[in-house]
$ cat my_file-v8.txt   # compact mmCIF, C-alpha atoms
# COMPACT_ATOMS: atom_id res chain seq x y z
CA MET V 1 200.68 111.30 330.68
CA ARG V 2 200.64 112.15 326.99
CA PHE V 3 203.42 112.15 324.44
CA LEU V 4 203.82 114.45 321.44
CA LYS V 5 206.72 114.65 319.03
CA ILE V 6 207.88 117.47 316.80
CA GLU V 7 210.47 117.07 314.05
CA LYS V 8 210.98 120.72 313.07
CA LEU V 9 211.54 123.87 315.10
CA SER V 10 208.75 125.59 313.18
CA ASP V 11 206.31 122.96 314.48
CA LEU V 12 206.60 124.54 317.94
CA LYS V 13 203.77 126.83 316.84
CA THR V 14 201.44 123.85 316.63
CA VAL V 15 201.98 123.00 320.31
CA ARG V 16 199.06 124.61 322.11
CA GLU V 17 199.21 122.86 325.48
CA LYS V 18 201.64 123.49 328.31
CA VAL V 19 204.23 120.79 327.74
CA THR V 20 207.46 119.51 329.23
CA PHE V 21 210.04 119.38 326.47
CA LEU V 22 211.99 116.17 326.21
CA ALA V 23 215.53 115.90 324.83
CA GLY V 24 217.67 113.10 326.29
CA GLY V 25 215.16 112.52 329.07
CA THR V 26 217.74 111.43 331.64
CA ASP V 27 216.57 113.94 334.25
CA ILE V 28 212.88 113.44 333.54
CA TYR V 29 212.38 109.68 333.64
CA PRO V 30 213.46 109.23 337.26
CA LEU V 31 210.56 111.55 338.15
CA LEU V 32 208.28 109.56 335.89
CA SER V 33 209.09 106.29 337.62
CA ASP V 34 208.42 107.99 340.95
CA GLY V 35 204.91 108.73 339.67
CA PHE V 36 205.31 112.52 339.67
CA LEU V 37 204.54 113.33 336.08
CA GLU V 38 201.30 111.43 335.56
CA ASN V 39 199.36 114.42 334.24
CA GLU V 40 202.21 115.82 332.22
CA ILE V 41 202.26 116.27 328.46
CA PHE V 42 205.69 115.53 327.03
CA CYS V 43 206.84 117.03 323.77
CA ASP V 44 209.78 115.11 322.33
CA ILE V 45 212.15 117.44 320.46
CA SER V 46 214.97 114.91 320.13
CA GLY V 47 214.23 114.43 316.42
CA ILE V 48 214.99 118.03 315.41
CA GLU V 49 218.12 117.37 313.36
CA ASN V 50 219.45 120.92 313.04
CA LEU V 51 219.85 121.19 316.81
CA LYS V 52 222.48 118.42 316.76
CA LYS V 53 225.34 120.32 315.14
CA ILE V 54 228.59 121.64 316.57
CA SER V 55 229.81 124.44 314.33
CA ILE V 56 233.16 126.12 314.76
CA GLY V 57 233.18 129.62 313.32
CA LYS V 58 235.89 132.27 313.18
CA LYS V 59 234.77 134.06 316.33
CA GLU V 60 232.21 131.76 317.87
CA ILE V 61 231.49 128.13 318.57
CA LYS V 62 227.87 127.06 318.34
CA ILE V 63 226.76 123.90 320.07
CA GLY V 64 223.28 122.68 319.17
CA ALA V 65 221.01 122.14 322.16
CA LEU V 66 220.62 118.44 321.33
CA VAL V 67 224.36 117.67 321.24
CA THR V 68 225.03 114.91 323.76
CA PHE V 69 227.72 115.07 326.44
CA SER V 70 229.46 112.08 324.82
CA ARG V 71 229.90 114.14 321.65
CA ILE V 72 231.13 117.21 323.54
CA ARG V 73 233.61 115.07 325.41
CA GLN V 74 235.05 113.65 322.21
CA ASN V 75 235.29 116.91 320.26
CA SER V 76 238.94 117.86 319.85
CA VAL V 77 238.26 121.45 318.76
CA LEU V 78 236.10 122.02 321.80
CA SER V 79 238.82 120.69 324.09
CA HIS V 80 241.02 123.43 322.65
CA TYR V 81 238.65 126.33 323.19
CA ALA V 82 236.33 125.10 325.92
CA GLY V 83 238.35 122.82 328.19
CA ALA V 84 236.07 123.43 331.15
CA LEU V 85 233.00 122.32 329.23
CA VAL V 86 234.68 119.22 327.81
CA LYS V 87 235.87 118.27 331.28
CA ALA V 88 232.43 118.87 332.79
CA ALA V 89 230.83 116.85 329.98
CA GLY V 90 232.97 113.89 331.01
CA GLU V 91 231.77 114.17 334.60
CA VAL V 92 228.03 114.12 333.89
CA GLY V 93 226.33 110.86 334.93
CA SER V 94 227.82 107.70 333.46
CA PRO V 95 228.83 106.77 329.89
CA GLN V 96 225.32 105.54 329.05
CA ILE V 97 223.73 108.68 330.45
CA ARG V 98 226.21 110.84 328.54
CA ASN V 99 225.18 109.04 325.35
CA ARG V 100 221.64 110.42 325.81
CA ALA V 101 221.88 113.54 327.96
CA THR V 102 222.10 116.82 326.05
CA ILE V 103 223.69 120.17 326.84
CA GLY V 104 220.40 121.97 326.18
CA GLY V 105 218.64 119.66 328.60
CA ASN V 106 221.24 120.18 331.32
CA VAL V 107 220.87 123.96 331.02
CA ALA V 108 217.06 123.94 330.79
CA THR V 109 216.74 121.60 333.79
CA ALA V 110 218.66 124.23 335.77
CA SER V 111 219.64 121.93 338.60
CA PRO V 112 222.00 123.62 341.10
CA SER V 113 224.37 120.69 340.53
CA GLY V 114 224.14 120.70 336.69
CA ASP V 115 227.78 120.10 335.76
CA SER V 116 227.88 122.00 332.47
CA ILE V 117 226.54 125.22 333.98
CA PRO V 118 229.57 126.57 335.93
CA ALA V 119 231.67 125.79 332.84
CA LEU V 120 229.32 127.85 330.67
CA PHE V 121 229.63 130.75 333.12
CA VAL V 122 233.42 130.96 332.91
CA LEU V 123 233.32 130.48 329.15
CA LYS V 124 230.95 133.46 328.83
CA ALA V 125 228.34 131.44 327.00
CA ARG V 126 225.16 132.82 325.56
CA ILE V 127 222.00 130.78 325.45
CA LYS V 128 220.10 131.04 322.19
CA THR V 129 216.43 130.10 322.11
CA ASN V 130 213.85 130.10 319.34
CA LYS V 131 213.00 133.65 320.49
CA ARG V 132 216.14 135.42 321.78
CA THR V 133 219.75 135.16 322.91
CA ILE V 134 220.48 135.50 326.62
CA PRO V 135 223.84 135.76 328.42
CA VAL V 136 224.23 132.70 330.65
CA GLU V 137 224.36 134.79 333.85
CA ASP V 138 220.87 136.14 333.12
CA PHE V 139 219.37 132.76 332.28
CA PHE V 140 218.88 131.09 335.67
CA MET V 141 216.29 132.31 338.19
CA GLY V 142 216.59 129.69 340.93
CA VAL V 143 216.48 125.96 341.60
CA LYS V 144 215.11 124.45 338.37
CA LYS V 145 213.89 127.88 337.28
CA THR V 146 214.98 129.71 334.15
CA VAL V 147 213.77 132.65 332.09
CA LEU V 148 212.38 130.29 329.44
CA ALA V 149 208.77 131.13 328.57
CA LYS V 150 206.03 128.80 327.33
CA ASN V 151 206.93 127.28 323.96
CA GLU V 152 210.45 128.65 324.22
CA ILE V 153 213.25 126.11 323.84
CA ILE V 154 217.01 126.38 323.82
CA THR V 155 218.37 125.98 320.31
CA GLU V 156 222.08 126.69 320.71
CA ILE V 157 224.82 127.39 323.20
CA ILE V 158 227.15 130.03 321.81
CA LEU V 159 230.72 130.30 323.09
CA PRO V 160 233.20 133.02 322.15
CA LYS V 161 236.24 131.42 320.52
CA ASN V 162 238.78 132.40 323.15
CA LYS V 163 242.05 130.67 323.69
CA MET V 164 241.79 130.83 327.47
CA PHE V 165 242.89 128.02 329.72
CA SER V 166 239.78 126.60 331.32
CA ASP V 167 239.05 123.61 333.49
CA PHE V 168 236.41 122.03 335.72
CA VAL V 169 236.59 119.92 338.87
CA LYS V 170 233.94 118.44 341.08
CA VAL V 171 233.56 116.45 344.24
CA GLY V 172 230.82 113.89 344.58
CA PRO V 173 230.24 110.91 346.86
CA ARG V 174 232.15 108.67 344.43
CA LYS V 175 233.97 108.88 341.10
CA ALA V 176 231.31 107.75 338.67
CA LEU V 177 227.66 108.67 338.36
CA ALA V 178 227.74 111.02 341.29
CA ILE V 179 225.84 114.23 341.82
CA SER V 180 228.14 117.14 342.61
CA LYS V 181 228.49 118.31 346.21
CA VAL V 182 230.69 121.17 345.04
CA SER V 183 232.01 121.96 341.58
CA VAL V 184 234.35 124.67 340.33
CA ALA V 185 235.01 125.97 336.84
CA LEU V 186 237.89 128.24 336.00
CA ALA V 187 238.98 130.25 332.96
CA VAL V 188 242.24 132.17 332.90
CA LYS V 189 243.95 134.45 330.44
CA LYS V 190 247.65 134.87 331.30
CA LYS V 191 250.61 136.79 330.01
CA ASN V 192 254.06 135.94 331.39
CA ASN V 193 252.41 134.11 334.27
CA ILE V 194 250.45 137.21 335.21
CA ALA V 195 246.69 136.85 335.25
CA GLU V 196 245.03 139.25 332.83
CA GLU V 197 241.58 137.82 333.33
CA VAL V 198 240.29 135.21 335.78
CA LEU V 199 236.82 133.72 336.01
CA ILE V 200 235.88 131.33 338.82
CA ALA V 201 232.41 129.82 339.15
CA PHE V 202 230.99 127.49 341.81
CA GLY V 203 228.25 124.94 341.16
CA ALA V 204 226.06 123.13 343.71
CA VAL V 205 226.69 125.59 346.56
CA ALA V 206 223.66 127.85 345.98
CA PRO V 207 220.38 127.78 343.99
CA THR V 208 222.31 128.95 340.93
CA VAL V 209 225.96 129.30 339.98
CA VAL V 210 228.02 131.69 342.12
CA ARG V 211 230.99 133.58 340.72
CA ALA V 212 233.90 134.12 343.13
CA ARG V 213 234.24 137.75 342.11
CA LYS V 214 236.47 138.89 344.99
CA ALA V 215 238.92 136.07 344.36
CA GLU V 216 238.86 136.86 340.63
CA GLN V 217 239.60 140.50 341.39
CA PHE V 218 242.38 139.59 343.82
CA LEU V 219 244.17 137.48 341.21
CA THR V 220 243.79 139.83 338.27
CA GLY V 221 247.09 141.52 337.53
CA LYS V 222 248.95 139.25 339.97
CA ILE V 223 251.54 136.56 339.43
CA PHE V 224 250.32 132.97 339.50
CA SER V 225 252.34 132.04 342.55
CA LYS V 226 251.50 129.35 345.10
CA ASP V 227 251.10 132.07 347.68
CA ASN V 228 248.62 134.10 345.62
CA ILE V 229 246.71 130.95 344.73
CA SER V 230 246.20 129.93 348.33
CA LYS V 231 245.13 133.47 349.20
CA ALA V 232 242.65 133.45 346.31
CA ALA V 233 241.27 130.09 347.43
CA GLU V 234 240.77 131.45 350.93
CA ILE V 235 238.92 134.49 349.56
CA ALA V 236 236.81 132.33 347.22
CA LYS V 237 235.52 130.05 349.94
CA GLY V 238 234.42 133.09 351.91
CA GLU V 239 232.20 134.11 349.00
CA ILE V 240 229.81 131.19 349.31
CA SER V 241 227.37 130.11 351.99
CA PRO V 242 226.41 126.54 351.14
CA ILE V 243 223.61 124.84 353.05
CA ASP V 244 223.46 121.62 355.05
CA ASP V 245 221.46 118.91 353.34
CA PHE V 246 221.31 115.13 353.20
CA ARG V 247 224.31 115.05 350.84
CA SER V 248 226.75 117.16 352.84
CA THR V 249 227.09 119.80 355.51
CA GLY V 250 227.62 123.41 354.53
CA LYS V 251 230.87 123.42 356.48
CA TYR V 252 232.25 120.51 354.47
CA ARG V 253 231.15 122.06 351.19
CA ARG V 254 232.85 125.36 351.97
CA SER V 255 236.06 123.68 353.03
CA VAL V 256 236.13 121.49 349.91
CA ALA V 257 235.36 124.51 347.74
CA GLY V 258 238.56 126.18 348.91
CA VAL V 259 240.60 123.05 348.21
CA LEU V 260 239.10 122.72 344.73
CA VAL V 261 239.81 126.35 343.86
CA ALA V 262 243.44 125.98 344.92
CA ARG V 263 243.77 122.71 343.00
CA ILE V 264 242.26 124.06 339.78
CA LEU V 265 244.29 127.30 339.96
CA GLU V 266 247.50 125.31 340.37
CA LYS V 267 246.76 123.61 337.07
CA ALA V 268 246.69 127.02 335.43
CA ILE V 269 250.27 127.86 336.49
CA MET M 1 197.61 107.41 325.06
CA LYS M 2 198.48 104.40 322.89
CA HIS M 3 201.21 104.33 320.28
CA GLU M 4 202.00 101.78 317.57
CA ILE M 5 205.75 101.38 317.34
CA LYS M 6 208.27 99.19 315.58
CA LEU M 7 211.37 97.91 317.34
CA PHE M 8 214.20 95.91 315.78
CA VAL M 9 215.41 93.81 318.65
CA ASN M 10 218.34 91.47 318.04
CA ASP M 11 217.61 91.75 314.30
CA ILE M 12 213.96 90.77 314.66
CA PRO M 13 211.30 93.40 313.81
CA TYR M 14 208.44 93.71 316.29
CA ASN M 15 205.29 95.82 315.91
CA ILE M 16 203.90 96.57 319.35
CA THR M 17 201.44 98.88 321.05
CA VAL M 18 202.73 100.85 324.03
CA ASN M 19 201.45 103.52 326.39
CA SER M 20 203.11 106.95 326.44
CA GLN M 21 204.67 106.31 329.82
CA ASP M 22 206.05 102.83 329.06
CA THR M 23 209.83 102.69 329.12
CA LEU M 24 211.91 100.77 326.63
CA LEU M 25 212.80 98.49 329.54
CA TYR M 26 209.12 97.73 330.12
CA ALA M 27 208.58 97.02 326.41
CA LEU M 28 211.53 94.62 326.32
CA ARG M 29 210.65 92.74 329.50
CA ASP M 30 206.88 92.84 329.77
CA ILE M 31 205.75 93.03 326.14
CA LEU M 32 208.48 91.13 324.30
CA HIS M 33 209.28 88.93 327.33
CA LEU M 34 213.01 89.41 326.84
CA THR M 35 213.70 89.22 330.55
CA GLY M 36 217.50 89.02 330.30
CA THR M 37 217.58 92.80 330.62
CA LYS M 38 217.10 93.53 334.31
CA LYS M 39 215.26 96.28 336.12
CA GLY M 40 217.33 97.43 339.09
CA CYS M 41 216.68 100.94 340.30
CA GLY M 42 214.50 102.11 337.41
CA GLU M 43 216.03 105.57 337.53
CA GLY M 44 219.37 105.38 335.80
CA GLU M 45 221.54 104.81 338.86
CA CYS M 46 222.56 101.17 338.57
CA GLY M 47 223.08 100.16 334.93
CA ALA M 48 221.35 96.76 335.15
CA CYS M 49 219.03 97.66 332.25
CA THR M 50 221.77 98.63 329.78
CA VAL M 51 221.10 97.73 326.14
CA ILE M 52 222.66 98.89 322.87
CA MET M 53 220.48 101.26 320.83
CA ASP M 54 221.69 102.33 317.38
CA GLY M 55 225.23 101.42 318.44
CA GLU M 56 225.29 103.31 321.75
CA ALA M 57 225.06 101.81 325.22
CA VAL M 58 221.98 103.31 326.88
CA ARG M 59 219.91 102.74 329.99
CA SER M 60 216.59 101.35 328.86
CA CYS M 61 214.84 102.62 331.99
CA LEU M 62 215.66 106.18 330.89
CA ILE M 63 214.15 105.88 327.43
CA LEU M 64 210.49 105.80 326.57
CA ALA M 65 209.38 102.99 324.29
CA VAL M 66 207.90 105.58 321.90
CA GLU M 67 211.30 107.22 321.61
CA ALA M 68 212.82 103.92 320.54
CA ASP M 69 210.39 103.66 317.62
CA GLY M 70 212.30 102.48 314.54
CA LYS M 71 215.55 101.96 316.45
CA LYS M 72 217.87 98.95 316.36
CA ILE M 73 218.28 97.40 319.77
CA ILE M 74 220.60 94.67 321.00
CA THR M 75 219.89 93.02 324.33
CA ILE M 76 221.80 90.38 326.29
CA GLU M 77 219.76 87.75 324.39
CA GLY M 78 221.33 89.04 321.17
CA VAL M 79 225.04 88.80 322.00
CA SER M 80 225.43 85.02 321.91
CA ALA M 81 225.03 83.17 318.62
CA ASN M 82 223.66 79.62 318.26
CA GLY M 83 223.92 78.97 321.96
CA LYS M 84 227.58 79.96 322.06
CA LEU M 85 228.54 82.58 324.59
CA SER M 86 230.16 85.77 323.35
CA ARG M 87 233.75 86.48 324.33
CA VAL M 88 232.57 88.92 326.99
CA GLN M 89 230.13 86.42 328.49
CA ARG M 90 232.81 83.71 328.47
CA ALA M 91 235.25 85.99 330.27
CA PHE M 92 232.65 86.71 332.97
CA VAL M 93 232.02 83.00 333.48
CA GLU M 94 235.70 82.10 333.53
CA ALA M 95 236.61 84.91 335.94
CA GLY M 96 233.70 84.08 338.23
CA ALA M 97 232.52 87.64 337.73
CA ILE M 98 228.97 86.58 338.55
CA GLN M 99 227.64 86.26 342.05
CA CYS M 100 223.89 86.71 342.10
CA GLY M 101 224.03 87.61 338.41
CA PHE M 102 221.52 90.42 338.46
CA CYS M 103 223.92 93.15 337.36
CA THR M 104 225.72 90.92 334.84
CA PRO M 105 223.63 91.62 331.71
CA GLY M 106 224.17 95.35 332.19
CA PHE M 107 227.94 95.02 332.64
CA VAL M 108 228.16 92.68 329.64
CA MET M 109 226.18 95.03 327.39
CA ALA M 110 228.27 98.07 328.40
CA ILE M 111 231.46 96.16 327.50
CA GLU M 112 229.95 94.77 324.28
CA ALA M 113 229.07 98.32 323.21
CA ALA M 114 232.58 99.56 323.94
CA LEU M 115 234.21 96.69 322.03
CA ARG M 116 231.94 97.33 319.04
CA LYS M 117 233.24 100.91 319.06
CA LYS M 118 236.81 99.56 318.95
CA LYS M 119 237.50 100.47 322.56
CA THR M 120 239.68 97.59 323.61
CA LYS M 121 242.03 99.00 326.24
CA LYS M 122 241.56 98.10 329.90
CA GLU M 123 241.00 101.73 330.94
CA GLU M 124 238.41 102.17 328.19
CA LEU M 125 236.46 99.11 329.31
CA ILE M 126 236.61 100.14 332.95
CA LYS M 127 235.34 103.57 331.93
CA ALA M 128 232.53 101.87 329.98
CA VAL M 129 231.24 100.14 333.13
CA SER M 130 231.71 103.14 335.41
CA GLY M 131 228.37 103.92 336.98
CA HIS M 132 227.31 100.26 337.05
CA LEU M 133 226.52 98.87 340.46
CA CYS M 134 227.09 95.31 341.68
CA ARG M 135 225.21 94.82 344.92
CA CYS M 136 227.25 91.73 345.75
CA THR M 137 230.32 94.00 345.45
CA GLY M 138 231.93 91.50 343.11
CA TYR M 139 233.91 94.21 341.37
CA GLU M 140 237.28 92.52 341.75
CA ASN M 141 236.25 89.59 339.57
CA ILE M 142 234.56 91.88 337.08
CA ILE M 143 237.91 93.63 336.63
CA LYS M 144 239.49 90.17 336.23
CA ALA M 145 236.95 89.44 333.48
CA ILE M 146 237.92 92.70 331.78
CA ASP M 147 241.58 91.64 332.02
CA LYS M 148 240.69 88.38 330.26
CA ILE M 149 238.86 90.27 327.52
CA VAL M 150 241.80 92.63 327.02
CA ARG M 151 244.24 89.71 326.80
CA GLY M 152 241.94 88.14 324.19
$ encode --input "my_file-v8.txt" --output "structure tokens"
Amino acid sequence: MRFLKIEKLSDLKTVREKVTFLAGGTDIYPLLSDGFLENEIFCDISGIENLKKISIGKKEIKIGALVTFSRIRQNSVLSHYAGALVKAAGEVGSPQIRNRATIGGNVATASPSGDSIPALFVLKARIKTNKRTIPVEDFFMGVKKTVLAKNEIITEIILPKNKMFSDFVKVGPRKALAISKVSVALAVKKKNNIAEEVLIAFGAVAPTVVRARKAEQFLTGKIFSKDNISKAAEIAKGEISPIDDFRSTGKYRRSVAGVLVARILEKAI
Amino acid sequence: MKHEIKLFVNDIPYNITVNSQDTLLYALRDILHLTGTKKGCGEGECGACTVIMDGEAVRSCLILAVEADGKKIITIEGVSANGKLSRVQRAFVEAGAIQCGFCTPGFVMAIEAALRKKKTKKEELIKAVSGHLCRCTGYENIIKAIDKIVRG
């Protein structure tokens, strides 16, 4: 293993080898201790200061790729405009992991159970890299696969500054430091308790995030009643086909997904 | 690949040579011989290796030594002064919150970090140690130790 470090974004040009970029490192080191990455070249980008800013503009919120989950969790403006992301940030790993783990790293790692990702879907995030800006739904290609090319790194997560209600819930084997079995993010725009716009996204039930589009469609234009919510939850759980693995059975995941959708929608009443 | 790095551990500067793949935990235990910090799982699951780096509680098994270059680190050896236990350590002893003791340095450092950030409420301290594992399952007494700390 070799270790390089760059301090400026412009120094990316000097990196000629195929490298694994390193931000908080919390997803990479477990692999290292398992002996997987022995021939890897790491390029540490954690010193690039201008990727550590959260800037609140008139129409957009820009979160630097190196902003840690601890900082997202504590940001009061973000909790106003991006409740789902703030909530998800508080569910990632444990406090010490959140002190290191970055939003850019969570997105680039592209784990099916990455907690920030469903939140970014319902918040209509765009992923900015040193080369281009990509809508979040076009960013992920599969399990741990993204559209990022060689020497391309995420620089910012851009969120539209919408005053929508949004939230995130997950179920894991225990409360703290638990990988998600199922997670759900929701964003809702309401007028007089009628849903004008609804976005529901599932994490950890497929290689990448799945939107519950039929349930979204069902709720749009309808009253937020208990009856409509339970119907929507029933539709939503029919839109996923989670697999059996050593963490859970597909049957359990689908059942829990319905419960979570109902629970999160009830909070939006 | 070898790297020359400088660590400030418990206010003492050390210049050491590390390999790229060496973790901060390895540097503390096997180079500096500060063996109070424990290696449990080695992959961020258990919290036994928690230290304070530039004011934040972190898991030293999830940080490369090269990344800690120039950083200020506090380990369990650095929380007591002149042989006197810190208030957190005292609370753990008094509450019997130590069975085999292996997880204790990690729990103590997580609470120390929270207290240094003025988090003094019971819920805040419990949150600070969430994600720490005690294999003896001595959680009840650890909560009692936290109660003692909160009461002062």
$ interface_residues --input "my_file-v8.txt" --of "chain M" --to "chain V" --cutoff "6 Å" --atoms "all atoms listed in the file" --output "PyMOL selection string"
chain M and resi 1+20+43+57-58+62+130-131
$ write_last_selection --input "my_file-v8.txt" --atoms "C-alpha atoms" --output "mmCIF file, in the coordinates of the input"
data_model
loop_
_atom_site.group_PDB
_atom_site.id
_atom_site.type_symbol
_atom_site.label_atom_id
_atom_site.label_comp_id
_atom_site.auth_asym_id
_atom_site.auth_seq_id
_atom_site.Cartn_x
_atom_site.Cartn_y
_atom_site.Cartn_z
ATOM 1 C CA MET M 1 197.610 107.410 325.060
ATOM 2 C CA SER M 20 203.110 106.950 326.440
ATOM 3 C CA GLU M 43 216.030 105.570 337.530
ATOM 4 C CA ALA M 57 225.060 101.810 325.220
ATOM 5 C CA VAL M 58 221.980 103.310 326.880
ATOM 6 C CA LEU M 62 215.660 106.180 330.890
ATOM 7 C CA SER M 130 231.710 103.140 335.410
ATOM 8 C CA GLY M 131 228.370 103.920 336.980
#
$ closest_residue --input "my_file-v8.txt" --among "M:Ala91, M:Ile31, M:Cys61, M:Ala110" --to "Ile76 of chain M" --atoms "all atoms listed in the file"
M:Ala110
$ residues_near_point --input "my_file-v8.txt" --point "(213.1, 123.7, 335.4)" --cutoff "7 Å" --atoms "all atoms listed in the file" --output "NGL selection string"
:V and (108-110 or 144-146)
$ write_last_selection --input "my_file-v8.txt" --atoms "C-alpha atoms" --output "PDB file, in the frame of the given file"
ATOM      1  CA  ALA V 108     217.060 123.940 330.790  1.00  0.00           C
ATOM      2  CA  THR V 109     216.740 121.600 333.790  1.00  0.00           C
ATOM      3  CA  ALA V 110     218.660 124.230 335.770  1.00  0.00           C
ATOM      4  CA  LYS V 144     215.110 124.450 338.370  1.00  0.00           C
ATOM      5  CA  LYS V 145     213.890 127.880 337.280  1.00  0.00           C
ATOM      6  CA  THR V 146     214.980 129.710 334.150  1.00  0.00           C
TER       7      THR V 146
END
$ atom_distance --input "my_file-v8.txt" --atom1 "atom CA of His80 of chain V" --atom2 "atom CA of Leu260 of chain V"
22.2 Å
$ atom_distance --input "my_file-v8.txt" --atom1 "atom CA of Ile146 of chain M" --atom2 "atom CA of Leu125 of chain M"
7.0 Å
$ residues_near_point --input "my_file-v8.txt" --point "(237.1, 123.1, 337.6)" --cutoff "12 Å" --atoms "all atoms listed in the file" --output "ChimeraX atom specification"
/V:82-89,91,115-123,165-171,180,182-188,199-203,257-268
$ closest_residue --input "my_file-v8.txt" --among "M:Cys103, M:Val88, M:Ala113, M:Ile126" --to "Glu45 of chain M" --atoms "only C-alpha atoms"
M:Cys103
$ closest_residue --input "my_file-v8.txt" --among "V:Gly90, V:Ser113, V:Lys59, V:Thr20" --to "Lys127 of chain M" --atoms "all atoms listed in the file"
V:Gly90
$ residues_around --input "my_file-v8.txt" --residues "Leu24 of chain M" --least-positions-apart "3" --cutoff "8 Å" --atoms "only C-alpha atoms" --output "PDB file with C-alpha atoms, in the frame of the given file"
ATOM      1  CA  ALA M  27     208.580  97.020 326.410  1.00  0.00           C
ATOM      2  CA  LEU M  28     211.530  94.620 326.320  1.00  0.00           C
ATOM      3  CA  SER M  60     216.590 101.350 328.860  1.00  0.00           C
ATOM      4  CA  CYS M  61     214.840 102.620 331.990  1.00  0.00           C
ATOM      5  CA  LEU M  62     215.660 106.180 330.890  1.00  0.00           C
ATOM      6  CA  ILE M  63     214.150 105.880 327.430  1.00  0.00           C
ATOM      7  CA  LEU M  64     210.490 105.800 326.570  1.00  0.00           C
ATOM      8  CA  ALA M  65     209.380 102.990 324.290  1.00  0.00           C
ATOM      9  CA  VAL M  66     207.900 105.580 321.900  1.00  0.00           C
ATOM     10  CA  ALA M  68     212.820 103.920 320.540  1.00  0.00           C
TER      11      ALA M  68
END
$ closest_residue --input "my_file-v8.txt" --among "V:Ala215, V:Ile229, V:Ile157, V:Ala101" --to "Gly44 of chain M" --atoms "only C-alpha atoms"
V:Ala101
$ atom_distance --input "my_file-v8.txt" --atom1 "atom CA of Glu77 of chain M" --atom2 "atom CA of Asn10 of chain M"
7.5 Å
$ closest_residue --input "my_file-v8.txt" --among "M:Gly138, M:Gly36, M:Gly42, M:Pro13" --to "Gly78 of chain M" --atoms "all atoms listed in the file"
M:Gly36
$ closest_residue --input "my_file-v8.txt" --among "M:Phe102, M:Glu56, M:Gly70, M:Ala48" --to "Thr68 of chain V" --atoms "all atoms listed in the file"
M:Glu56
$ residues_around --input "my_file-v8.txt" --residues "Glu112 of chain M" --least-positions-apart "6" --cutoff "10 Å" --atoms "all atoms listed in the file" --output "VMD selection string"
chain M and resid 51 to 52 57 74 76 79 86 to 89 106 118 to 119 125 128
$ residues_around --input "my_file-v8.txt" --residues "Tyr14 of chain M" --least-positions-apart "6" --cutoff "10 Å" --atoms "all atoms listed in the file" --output "PyMOL selection string"
chain M and resi 5-8+32+70
$ residues_around --input "my_file-v8.txt" --residues "Asp244 of chain V" --least-positions-apart "4" --cutoff "12 Å" --atoms "only C-alpha atoms" --output "list of chain:residue names"
V:Lys181, V:Ala204, V:Val205, V:Ala206, V:Ser248, V:Thr249, V:Gly250, V:Lys251, V:Tyr252, V:Arg253, V:Arg254
$ build_atoms --input "my_file-v8.txt" --residues "segment 94-105 of chain M" --atoms "N, CA and C atoms" --output "tab-separated table (two decimals), in the coordinates of the input"
chain	number	residue	atom	x	y	z
M	94	GLU	N	234.39	82.63	333.15
M	94	GLU	CA	235.70	82.10	333.53
M	94	GLU	C	236.30	82.84	334.74
M	95	ALA	N	236.04	84.13	334.83
M	95	ALA	CA	236.61	84.91	335.94
M	95	ALA	C	235.73	84.81	337.19
M	96	GLY	N	234.62	84.14	337.09
M	96	GLY	CA	233.70	84.08	338.23
M	96	GLY	C	233.15	85.45	338.57
M	97	ALA	N	232.95	86.24	337.52
M	97	ALA	CA	232.52	87.64	337.73
M	97	ALA	C	231.00	87.72	337.89
M	98	ILE	N	230.42	86.64	338.37
M	98	ILE	CA	228.97	86.58	338.55
M	98	ILE	C	228.69	86.04	339.93
M	99	GLN	N	228.05	86.85	340.77
M	99	GLN	CA	227.64	86.26	342.05
M	99	GLN	C	226.15	85.97	341.97
M	100	CYS	N	225.32	86.98	342.27
M	100	CYS	CA	223.89	86.71	342.10
M	100	CYS	C	223.48	86.82	340.64
M	101	GLY	N	224.27	87.56	339.85
M	101	GLY	CA	224.03	87.61	338.41
M	101	GLY	C	223.11	88.71	337.94
M	102	PHE	N	222.53	89.44	338.86
M	102	PHE	CA	221.52	90.42	338.46
M	102	PHE	C	222.11	91.59	337.67
M	103	CYS	N	223.31	92.00	338.05
M	103	CYS	CA	223.92	93.15	337.36
M	103	CYS	C	224.64	92.73	336.09
M	104	THR	N	224.85	91.41	335.91
M	104	THR	CA	225.72	90.92	334.84
M	104	THR	C	225.29	91.34	333.43
M	105	PRO	N	224.00	91.21	333.07
M	105	PRO	CA	223.63	91.62	331.71
M	105	PRO	C	224.00	93.07	331.41
